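Just work20.txt here, compact mmCIF, C-alpha atoms and all ligand atoms:
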```
# COMPACT_ATOMS: atom_id res chain seq x y z
CA MET A 1 -7.39 -11.07 26.16
CA SER A 2 -5.30 -7.94 26.62
CA THR A 3 -1.55 -8.53 26.45
CA GLY A 4 -0.64 -4.96 27.35
CA ILE A 5 1.14 -4.63 23.99
CA ARG A 6 -0.05 -1.95 21.58
CA GLU A 7 -1.79 -3.75 18.71
CA ILE A 8 -0.71 -3.07 15.12
CA PRO A 9 -3.76 -3.44 12.85
CA LEU A 10 -3.73 -4.89 9.34
CA SER A 11 -5.09 -1.74 7.74
CA SER A 12 -6.39 1.70 8.59
CA PRO A 13 -8.03 4.44 6.49
CA TYR A 14 -6.42 7.86 6.05
CA ILE A 15 -9.08 10.41 7.01
CA ASP A 16 -8.42 14.08 7.75
CA GLU A 17 -10.30 17.27 8.65
CA ARG A 18 -10.90 18.14 5.01
CA ASP A 19 -12.84 14.87 4.64
CA GLU A 20 -14.90 15.76 7.70
CA GLU A 21 -15.63 19.24 6.34
CA LEU A 22 -16.76 17.92 2.95
CA VAL A 23 -19.04 15.32 4.53
CA LEU A 24 -20.50 17.90 6.91
CA GLU A 25 -21.17 20.25 4.01
CA VAL A 26 -23.33 17.61 2.34
CA LEU A 27 -25.11 16.75 5.59
CA ARG A 28 -25.95 20.43 6.06
CA SER A 29 -27.02 20.89 2.43
CA GLY A 30 -29.91 18.44 2.71
CA ARG A 31 -28.98 16.83 -0.64
CA LEU A 32 -28.00 13.44 0.68
CA SER A 33 -28.53 11.37 -2.46
CA LEU A 34 -28.84 11.84 -6.24
CA GLY A 35 -27.22 15.24 -5.76
CA PRO A 36 -24.41 17.21 -7.42
CA THR A 37 -21.63 15.86 -5.17
CA ILE A 38 -21.88 12.50 -6.95
CA ASP A 39 -21.46 14.15 -10.37
CA ARG A 40 -18.44 16.04 -9.11
CA PHE A 41 -16.89 12.90 -7.62
CA GLU A 42 -17.35 11.08 -10.92
CA GLU A 43 -15.82 13.92 -12.94
CA LEU A 44 -12.79 14.16 -10.67
CA PHE A 45 -12.31 10.40 -10.66
CA ALA A 46 -12.57 10.07 -14.44
CA GLU A 47 -10.01 12.86 -14.78
CA ARG A 48 -7.66 11.23 -12.26
CA VAL A 49 -7.53 7.86 -14.03
CA GLY A 50 -7.80 9.21 -17.57
CA ALA A 51 -11.13 7.63 -18.49
CA PRO A 52 -13.77 9.60 -20.41
CA TYR A 53 -16.65 8.48 -18.15
CA ALA A 54 -17.10 7.24 -14.59
CA ALA A 55 -20.19 6.01 -12.75
CA ALA A 56 -20.12 5.77 -8.96
CA VAL A 57 -21.79 2.75 -7.38
CA SER A 58 -22.47 1.36 -3.92
CA SER A 59 -19.53 -1.09 -3.96
CA GLY A 60 -16.90 -2.64 -6.18
CA THR A 61 -19.02 -5.78 -6.28
CA ALA A 62 -22.01 -3.81 -7.57
CA GLY A 63 -19.84 -2.30 -10.31
CA LEU A 64 -18.57 -5.71 -11.39
CA HIS A 65 -22.11 -7.06 -11.43
CA LEU A 66 -23.26 -4.20 -13.67
CA LEU A 67 -20.41 -4.84 -16.12
CA CYS A 68 -21.37 -8.53 -16.25
CA ARG A 69 -24.94 -7.48 -17.02
CA LEU A 70 -23.71 -5.15 -19.78
CA ALA A 71 -21.53 -7.95 -21.19
CA GLY A 72 -24.76 -9.91 -21.66
CA LEU A 73 -23.60 -12.82 -19.51
CA ALA A 74 -26.39 -15.32 -18.96
CA SER A 75 -27.08 -18.92 -18.08
CA GLY A 76 -25.01 -21.26 -20.26
CA ASP A 77 -22.20 -18.75 -20.70
CA GLU A 78 -18.75 -19.05 -19.20
CA ALA A 79 -16.59 -16.27 -17.77
CA ILE A 80 -12.88 -16.89 -17.34
CA THR A 81 -11.36 -15.33 -14.26
CA SER A 82 -8.59 -15.56 -11.69
CA PRO A 83 -8.74 -18.02 -8.80
CA TYR A 84 -6.28 -15.90 -6.82
CA SER A 85 -8.56 -13.00 -6.01
CA PHE A 86 -11.33 -11.82 -3.74
CA VAL A 87 -14.57 -13.76 -4.38
CA ALA A 88 -16.43 -10.80 -5.91
CA SER A 89 -14.49 -11.09 -9.20
CA ALA A 90 -16.03 -14.52 -9.77
CA ASN A 91 -19.37 -13.99 -8.03
CA CYS A 92 -20.31 -11.15 -10.38
CA ALA A 93 -20.60 -13.61 -13.29
CA ILE A 94 -22.56 -16.10 -11.19
CA TYR A 95 -25.11 -13.39 -10.34
CA GLU A 96 -25.99 -13.36 -14.05
CA GLY A 97 -26.28 -17.15 -14.22
CA ALA A 98 -22.92 -17.69 -15.94
CA THR A 99 -20.38 -20.32 -14.92
CA PRO A 100 -17.00 -19.20 -13.58
CA VAL A 101 -13.99 -20.84 -15.23
CA PHE A 102 -10.71 -20.44 -13.41
CA ALA A 103 -7.49 -20.07 -15.37
CA ASP A 104 -4.29 -20.28 -13.36
CA VAL A 105 -2.12 -17.31 -12.46
CA ASP A 106 1.53 -16.45 -13.00
CA PRO A 107 3.57 -17.32 -9.88
CA GLU A 108 5.37 -13.97 -9.87
CA THR A 109 2.70 -11.42 -10.76
CA MET A 110 -0.08 -13.54 -9.17
CA ASN A 111 -2.29 -12.28 -12.03
CA LEU A 112 -4.01 -14.28 -14.78
CA ASP A 113 -1.57 -16.04 -17.10
CA PRO A 114 -2.73 -15.10 -20.63
CA ALA A 115 -1.72 -18.54 -21.98
CA ALA A 116 -3.90 -20.21 -19.35
CA VAL A 117 -6.78 -17.91 -20.29
CA GLU A 118 -6.45 -18.80 -23.96
CA ALA A 119 -6.37 -22.51 -23.10
CA ALA A 120 -9.58 -22.18 -21.06
CA ILE A 121 -11.66 -20.68 -23.89
CA THR A 122 -14.57 -22.78 -25.16
CA GLU A 123 -17.46 -21.98 -27.50
CA ARG A 124 -19.42 -20.95 -24.37
CA THR A 125 -16.92 -18.35 -23.19
CA LYS A 126 -18.32 -14.84 -23.29
CA ALA A 127 -16.12 -12.75 -21.00
CA VAL A 128 -12.79 -12.56 -19.22
CA ILE A 129 -12.70 -10.88 -15.83
CA ALA A 130 -9.09 -9.89 -15.19
CA VAL A 131 -7.98 -8.76 -11.74
CA ASP A 132 -5.06 -6.46 -10.86
CA ILE A 133 -4.26 -8.35 -7.72
CA PHE A 134 -2.69 -6.47 -4.81
CA GLY A 135 -2.51 -3.41 -7.09
CA TYR A 136 -0.13 -5.04 -9.60
CA PRO A 137 -1.40 -4.47 -13.16
CA CYS A 138 -2.57 -7.55 -15.04
CA GLU A 139 -1.31 -8.42 -18.56
CA LEU A 140 -3.76 -6.06 -20.17
CA ASP A 141 -2.47 -5.99 -23.77
CA PRO A 142 -2.12 -9.77 -24.24
CA LEU A 143 -5.53 -10.25 -22.58
CA ARG A 144 -7.11 -7.63 -24.83
CA ALA A 145 -5.61 -9.30 -27.88
CA ILE A 146 -7.01 -12.69 -26.82
CA CYS A 147 -10.44 -11.18 -26.17
CA GLU A 148 -10.47 -9.41 -29.53
CA ARG A 149 -9.41 -12.58 -31.35
CA HIS A 150 -12.18 -14.63 -29.73
CA GLY A 151 -14.91 -11.97 -29.57
CA LEU A 152 -14.97 -11.83 -25.76
CA VAL A 153 -15.72 -8.95 -23.42
CA LEU A 154 -12.84 -7.96 -21.16
CA ILE A 155 -13.83 -6.67 -17.72
CA GLN A 156 -11.07 -5.23 -15.58
CA ASP A 157 -11.36 -5.70 -11.84
CA ALA A 158 -9.07 -2.89 -10.72
CA CYS A 159 -10.70 -2.79 -7.27
CA GLU A 160 -7.28 -3.08 -5.61
CA ALA A 161 -5.32 -1.00 -8.12
CA LEU A 162 -6.32 2.66 -8.12
CA GLY A 163 -3.36 4.65 -9.41
CA ALA A 164 -1.44 1.68 -10.85
CA ARG A 165 0.08 2.07 -14.32
CA TYR A 166 0.37 -0.41 -17.18
CA ARG A 167 2.72 0.42 -20.05
CA GLY A 168 2.92 4.03 -18.90
CA ALA A 169 -0.83 4.70 -18.56
CA THR A 170 -3.04 4.73 -15.47
CA LEU A 171 -5.48 1.84 -15.10
CA GLY A 172 -8.88 2.95 -16.30
CA SER A 173 -7.43 4.84 -19.26
CA HIS A 174 -6.68 1.87 -21.54
CA GLY A 175 -10.11 1.11 -22.93
CA PRO A 176 -11.68 -1.90 -21.20
CA SER A 177 -14.26 -0.94 -18.63
CA ALA A 178 -12.79 -1.14 -15.15
CA VAL A 179 -14.07 -1.23 -11.59
CA PHE A 180 -12.46 0.39 -8.54
CA ALA A 181 -13.46 -0.15 -4.90
CA PHE A 182 -13.43 2.07 -1.84
CA TYR A 183 -13.80 -0.23 1.18
CA PRO A 184 -11.75 1.24 4.08
CA ASN A 185 -8.70 -0.97 3.46
CA LYS A 186 -8.36 0.36 -0.11
CA GLN A 187 -6.01 3.15 -1.28
CA MET A 188 -8.91 5.60 -0.85
CA THR A 189 -12.21 5.03 0.87
CA THR A 190 -15.84 6.12 0.88
CA GLY A 191 -16.71 3.64 3.65
CA GLU A 192 -18.48 1.42 1.14
CA GLY A 193 -18.45 2.38 -2.52
CA GLY A 194 -17.06 1.78 -5.95
CA MET A 195 -16.56 3.33 -9.38
CA VAL A 196 -16.94 1.99 -12.90
CA THR A 197 -14.92 3.68 -15.64
CA THR A 198 -15.84 3.29 -19.27
CA HIS A 199 -14.83 4.66 -22.65
CA SER A 200 -18.36 4.31 -24.04
CA GLU A 201 -20.96 7.03 -23.55
CA GLU A 202 -23.73 4.52 -24.22
CA GLU A 203 -22.38 2.15 -21.57
CA TRP A 204 -22.06 5.04 -19.12
CA SER A 205 -25.69 5.97 -19.62
CA LEU A 206 -26.78 2.35 -19.10
CA LEU A 207 -24.66 2.05 -15.96
CA LYS A 208 -26.35 5.14 -14.50
CA SER A 209 -29.75 3.69 -15.29
CA LEU A 210 -29.00 0.19 -14.01
CA ARG A 211 -27.62 1.46 -10.69
CA ASN A 212 -30.75 3.59 -10.25
CA GLN A 213 -33.56 1.01 -10.49
CA GLY A 214 -33.57 1.14 -14.28
CA ARG A 215 -34.74 4.74 -14.42
CA ALA A 216 -33.99 6.47 -17.71
CA ASP A 217 -32.21 9.81 -17.93
CA GLY A 218 -34.81 12.57 -17.69
CA GLY A 219 -37.59 10.08 -16.88
CA GLY A 220 -39.89 10.28 -13.86
CA TRP A 221 -39.12 8.87 -10.41
CA LEU A 222 -41.60 6.05 -10.93
CA ASP A 223 -40.81 5.37 -14.59
CA HIS A 224 -38.52 2.41 -15.12
CA ALA A 225 -37.14 1.73 -18.57
CA ARG A 226 -35.46 -1.55 -17.65
CA LEU A 227 -34.84 -3.95 -14.78
CA GLY A 228 -32.35 -2.20 -12.53
CA PHE A 229 -30.85 -2.32 -9.08
CA ASN A 230 -30.32 0.04 -6.20
CA TYR A 231 -26.55 0.22 -6.56
CA ARG A 232 -26.35 3.96 -5.93
CA ILE A 233 -23.69 5.69 -3.90
CA ASP A 234 -24.95 8.68 -1.88
CA ASP A 235 -23.66 12.25 -1.72
CA ILE A 236 -22.25 11.76 1.78
CA ARG A 237 -19.93 9.04 0.54
CA ALA A 238 -19.21 10.96 -2.65
CA ALA A 239 -18.06 13.92 -0.52
CA LEU A 240 -15.69 11.66 1.35
CA GLY A 241 -14.54 10.31 -2.01
CA ILE A 242 -13.71 13.84 -3.19
CA GLY A 243 -11.70 14.51 -0.04
CA GLN A 244 -9.83 11.26 -0.54
CA LEU A 245 -9.17 11.94 -4.23
CA GLU A 246 -7.75 15.36 -3.39
CA LYS A 247 -5.01 13.70 -1.36
CA LEU A 248 -4.72 10.46 -3.32
CA ASP A 249 -1.21 11.26 -4.55
CA THR A 250 -0.07 11.86 -0.97
CA ILE A 251 -1.69 8.63 0.20
CA LEU A 252 -0.12 6.65 -2.66
CA SER A 253 3.35 8.03 -2.01
CA LEU A 254 3.05 7.33 1.72
CA ARG A 255 2.00 3.75 0.91
CA SER A 256 4.94 3.37 -1.49
CA ALA A 257 7.30 4.62 1.20
CA VAL A 258 5.90 2.11 3.70
CA ALA A 259 6.38 -0.69 1.16
CA GLU A 260 9.95 0.44 0.44
CA ARG A 261 10.71 0.41 4.13
CA TYR A 262 9.39 -3.15 4.47
CA ASN A 263 11.47 -4.19 1.44
CA ASP A 264 14.61 -2.78 3.09
CA LEU A 265 13.91 -4.19 6.53
CA LEU A 266 13.01 -7.65 5.21
CA ARG A 267 15.97 -7.97 2.86
CA ASP A 268 18.01 -10.11 5.26
CA VAL A 269 15.12 -12.02 6.82
CA ASP A 270 15.22 -15.70 5.83
CA GLY A 271 12.14 -17.76 5.10
CA LEU A 272 10.15 -15.37 2.93
CA GLU A 273 10.02 -13.53 -0.39
CA THR A 274 9.06 -9.86 -0.62
CA PRO A 275 6.53 -8.64 -3.25
CA LEU A 276 7.43 -8.48 -6.93
CA ALA A 277 9.16 -5.24 -7.92
CA ASP A 278 7.79 -2.95 -10.64
CA ASP A 279 9.18 -3.06 -14.17
CA ALA A 280 8.86 -0.88 -17.26
CA ASP A 281 5.36 -2.19 -18.03
CA HIS A 282 3.95 -2.57 -14.53
CA VAL A 283 3.85 0.08 -11.82
CA ARG A 284 2.01 -1.15 -8.76
CA SER A 285 -0.32 0.91 -6.61
CA TRP A 286 0.33 -0.48 -3.14
CA PHE A 287 -2.84 -2.06 -1.73
CA VAL A 288 -1.50 -4.68 0.68
CA TYR A 289 1.98 -5.87 1.57
CA VAL A 290 1.95 -9.61 1.01
CA VAL A 291 5.00 -11.81 1.52
CA LYS A 292 5.43 -15.34 0.21
CA LEU A 293 6.64 -17.69 2.95
CA ASP A 294 9.05 -20.48 2.00
CA PRO A 295 7.24 -23.81 1.52
CA GLU A 296 8.62 -25.34 4.71
CA VAL A 297 7.42 -22.46 6.93
CA ASP A 298 4.38 -23.20 9.12
CA ARG A 299 2.15 -20.22 8.29
CA GLU A 300 -0.32 -20.89 11.10
CA HIS A 301 2.53 -20.74 13.59
CA VAL A 302 3.71 -17.42 12.10
CA ILE A 303 0.21 -15.93 12.33
CA ALA A 304 -0.25 -17.11 15.91
CA GLU A 305 3.16 -15.82 16.99
CA LEU A 306 2.62 -12.44 15.31
CA ALA A 307 -0.72 -12.20 17.13
CA ARG A 308 1.09 -12.95 20.39
CA HIS A 309 3.31 -9.93 19.61
CA GLY A 310 0.17 -7.81 19.04
CA ILE A 311 0.60 -7.84 15.25
CA ALA A 312 -2.31 -8.55 12.91
CA SER A 313 -1.68 -10.62 9.77
CA SER A 314 -3.89 -12.50 7.34
CA ARG A 315 -3.87 -15.53 5.00
CA TYR A 316 -4.17 -13.56 1.81
CA LEU A 317 -5.72 -14.90 -0.42
CA PRO A 318 -7.47 -18.28 -0.41
CA SER A 319 -8.12 -19.66 -3.92
CA ILE A 320 -11.71 -18.89 -4.90
CA HIS A 321 -12.41 -22.26 -6.54
CA LEU A 322 -11.72 -24.01 -3.22
CA GLN A 323 -14.27 -22.00 -1.21
CA ALA A 324 -16.99 -24.26 0.20
CA TYR A 325 -19.80 -22.95 -2.04
CA MET A 326 -17.63 -23.25 -5.15
CA ARG A 327 -16.71 -26.89 -4.39
CA GLU A 328 -20.35 -27.73 -3.69
CA THR A 329 -21.83 -25.97 -6.72
CA TYR A 330 -19.26 -26.72 -9.39
CA GLY A 331 -17.28 -29.66 -8.00
CA PHE A 332 -13.99 -27.73 -8.09
CA ALA A 333 -11.19 -29.44 -6.18
CA GLU A 334 -7.47 -29.19 -5.39
CA GLY A 335 -5.25 -29.43 -8.44
CA LEU A 336 -7.41 -27.27 -10.73
CA CYS A 337 -5.07 -24.25 -10.43
CA PRO A 338 -1.82 -25.43 -8.82
CA VAL A 339 -0.03 -22.08 -8.95
CA SER A 340 -2.88 -20.26 -7.23
CA GLU A 341 -3.23 -23.05 -4.68
CA ASP A 342 0.47 -22.91 -3.84
CA LEU A 343 0.28 -19.12 -3.41
CA SER A 344 -2.80 -19.52 -1.23
CA ARG A 345 -0.90 -21.81 1.12
CA ARG A 346 2.09 -19.50 1.43
CA THR A 347 1.06 -15.86 1.19
CA LEU A 348 0.69 -13.65 4.22
CA ALA A 349 -0.46 -10.03 4.45
CA LEU A 350 1.38 -7.87 6.98
CA PRO A 351 0.07 -4.64 8.55
CA PHE A 352 -0.01 -2.05 5.80
CA PHE A 353 -1.45 1.47 5.56
CA ALA A 354 -0.32 5.00 4.74
CA GLN A 355 0.36 6.08 8.30
CA LEU A 356 2.08 2.93 9.50
CA GLU A 357 4.97 4.20 11.63
CA ALA A 358 8.54 3.18 10.89
CA GLU A 359 8.96 1.92 14.44
CA ASP A 360 5.89 -0.31 14.09
CA GLN A 361 7.26 -1.71 10.84
CA ALA A 362 10.52 -2.46 12.63
CA ARG A 363 8.48 -4.25 15.33
CA VAL A 364 6.71 -6.36 12.67
CA VAL A 365 9.99 -7.27 10.99
CA GLU A 366 11.82 -8.08 14.22
CA ALA A 367 8.94 -10.32 15.28
CA LEU A 368 9.02 -12.08 11.90
CA ARG A 369 12.80 -12.46 12.07
CA SER A 370 12.63 -14.16 15.46
CA ILE A 371 9.69 -16.39 14.46
CA LEU A 372 11.36 -17.50 11.22
CA SER A 373 14.88 -18.01 12.62
C1 LIG B 1 -10.15 -7.85 -6.31
C2 LIG B 1 -11.42 -7.33 -5.70
N1 LIG B 1 -12.55 -7.38 -6.43
C3 LIG B 1 -13.71 -6.91 -5.94
C4 LIG B 1 -13.81 -6.37 -4.68
C5 LIG B 1 -15.15 -5.94 -4.18
O1 LIG B 1 -15.22 -4.65 -3.73
P1 LIG B 1 -16.31 -4.25 -2.62
O2 LIG B 1 -15.83 -4.82 -1.33
O3 LIG B 1 -16.30 -2.76 -2.65
O4 LIG B 1 -17.61 -4.81 -3.05
C6 LIG B 1 -12.65 -6.28 -3.90
C7 LIG B 1 -12.69 -5.65 -2.58
O5 LIG B 1 -12.62 -6.17 -1.54
C8 LIG B 1 -11.44 -6.80 -4.40
O6 LIG B 1 -10.32 -6.78 -3.66
```
Show the structure stored in the file as structure tokens.
Ligand SMILES: Cc1ncc(COP(=O)(O)O)c(C=O)c1O
Amino acid sequence: MSTGIREIPLSSPYIDERDEELVLEVLRSGRLSLGPTIDRFEELFAERVGAPYAAAVSSGTAGLHLLCRLAGLASGDEAITSPYSFVASANCAIYEGATPVFADVDPETMNLDPAAVEAAITERTKAVIAVDIFGYPCELDPLRAICERHGLVLIQDACEALGARYRGATLGSHGPSAVFAFYPNKQMTTGEGGMVTTHSEEEWSLLKSLRNQGRADGGGWLDHARLGFNYRIDDIRAALGIGQLEKLDTILSLRSAVAERYNDLLRDVDGLETPLADDADHVRSWFVYVVKLDPEVDREHVIAELARHGIASSRYLPSIHLQAYMRETYGFAEGLCPVSEDLSRRTLALPFFAQLEAEDQARVVEALRSILS
């Protein structure tokens, strides 16, 4: 039904003429896949995040799956992860036959609580998959220390956090292998796509083989050294990725400015909490703008009223352990992760993207103010 009001979407990619040119160049070159544009994209990405090696893949999910394979996860193993995340950060362990174990999150950072992770370790635990939710860096050093103490592999799901900094260094540069994602709502996009960063040359070589049907470096097209997947990105997407990387700093500062503007406008709006501010150890890369509604606020009413004003919003995020397939397969139920469950009932994503106009933000905030008053 058209209301005659201009709709404000939840997200929107930032694409310019340079992106179009780079994509066209690849289309005209005839090298659409397994070409040099992918190598260049990987080099530039590795340089940007400060990782020695990067392997481009077809999605963030594919990258996480490959890291679970490299961690040696298998049936009978457990992988501890965050319930307050997108499903892929748990699914990747299940693909390898492992059982997901959910440790609760911190109510402020919404990221894994290291004490809860430590408490969830059993003799079957093999890996911890830590997520930088909404672009806010997870507690990397404590989590690394726990993993080292217990001989566990740490996988960093940085799919939402390109450009974020933990203790002064960009995510991807710290050591644990990390995955970034480029779906169109992300800080930068390739349409679909992802990137794995690693500090191990051996792991890098395996990643490139596993994403390419298990082919070995220098081997023939029909020679397969191991069981692999088709998790390749193509040169068309890689070209778009290069265009996006070239302007990533601009995109990130525009997104920060949009977030700042929301923070200012929402300061005197009752009934909600704005996102956690950065501190000396954590510098967020803005992925989404998620507010926490007060417990007594009827979120469904807010969503419906915003929609009536032509404003998109989303329940962000449901707790993974309470998804239908998780309940059915593992018997998870309410009460397993109370902090995550409380967040899941109260959090709401507002329209957020680099080119969101100030006047549209004012419209969102005025609508919220009137709904919540
Ligand atoms: C935290 C998190 N992990 C993993 C993914 C998966 O990325 P993709 O959609 O590229 O497979 C996403 C993206 O939606 C995400 O937000």
Box in all listed atoms of range 98-117 of chain A, axis-aligned, with 6 Å more on each side; write out centre and edge lengths in Å to one decimal as JSON.
```
{"center_x": -8.8, "center_y": -16.1, "center_z": -15.6, "size_x": 40.3, "size_y": 21.4, "size_z": 24.8}
```
Protein and nucleic acid residues within 10 Å of ligand LIG 1 (chain B) (only C-alpha atoms and all ligand atoms) as a PyMOL selection string: chain A and resi 57-65+82+84-92+130-135+156-161+179-186+189-195+287+317
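The gap separating CA of Glu43 in chain A from CA of Ser200 in chain A is 14.9 Å, in Å to one decimal.
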Which residue, A:Gly163, A:Pro107, A:Gly241, A:Gly335, has the smallest gap to Leu22 in chain A when you use all atoms listed in the file? A:Gly241
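The two atoms in question, CA of Gly220 in chain A and CA of Ala239 in chain A, are spaced 25.8 Å apart.
Among the candidates A:Leu24, A:Leu293, A:Ala238, A:Met188, the residue lying nearest to Thr250 in chain A is A:Met188 (atoms considered: only C-alpha atoms).
Restricting the calculation to only C-alpha atoms, the smallest distance between Ala55 in chain A and any of A:Asp342, A:Glu203, A:Asp16, A:Glu305 is found for A:Glu203.
Between CA of Tyr53 in chain A and CA of Leu222 in chain A there is a distance of 26.1 Å.
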Pick from A:Ala115, A:Val364, A:Ala307, A:Ala277: nearest to Pro142 in chain A, with all atoms listed in the file counted? A:Ala115
Got a sec to check which residues sit within 8 Å of (-13.5, 7.3, -19.0), counting all atoms listed in the file, and write them as a compact mmCIF listing (two decimals) with C-alpha atoms, in the coordinates of the input?
```txt
# COMPACT_ATOMS: atom_id res chain seq x y z
CA ALA A 46 -12.57 10.07 -14.44
CA GLU A 47 -10.01 12.86 -14.78
CA VAL A 49 -7.53 7.86 -14.03
CA GLY A 50 -7.80 9.21 -17.57
CA ALA A 51 -11.13 7.63 -18.49
CA PRO A 52 -13.77 9.60 -20.41
CA TYR A 53 -16.65 8.48 -18.15
CA ALA A 54 -17.10 7.24 -14.59
CA GLY A 172 -8.88 2.95 -16.30
CA SER A 173 -7.43 4.84 -19.26
CA THR A 197 -14.92 3.68 -15.64
CA THR A 198 -15.84 3.29 -19.27
CA HIS A 199 -14.83 4.66 -22.65
CA SER A 200 -18.36 4.31 -24.04
```
I'd like the contact shell of Met326 in chain A - 12 Å cut-off, all atoms listed in the file, skipping same-chain residues fewer than 6 positions apart - returned as a CSV table (one decimal) with C-alpha atoms, in the frame of the given file.
```csv
chain,number,residue,atom,x,y,z
A,83,PRO,CA,-8.7,-18.0,-8.8
A,87,VAL,CA,-14.6,-13.8,-4.4
A,90,ALA,CA,-16.0,-14.5,-9.8
A,91,ASN,CA,-19.4,-14.0,-8.0
A,94,ILE,CA,-22.6,-16.1,-11.2
A,99,THR,CA,-20.4,-20.3,-14.9
A,100,PRO,CA,-17.0,-19.2,-13.6
A,101,VAL,CA,-14.0,-20.8,-15.2
A,102,PHE,CA,-10.7,-20.4,-13.4
A,319,SER,CA,-8.1,-19.7,-3.9
A,320,ILE,CA,-11.7,-18.9,-4.9
A,332,PHE,CA,-14.0,-27.7,-8.1
A,333,ALA,CA,-11.2,-29.4,-6.2
A,334,GLU,CA,-7.5,-29.2,-5.4
```
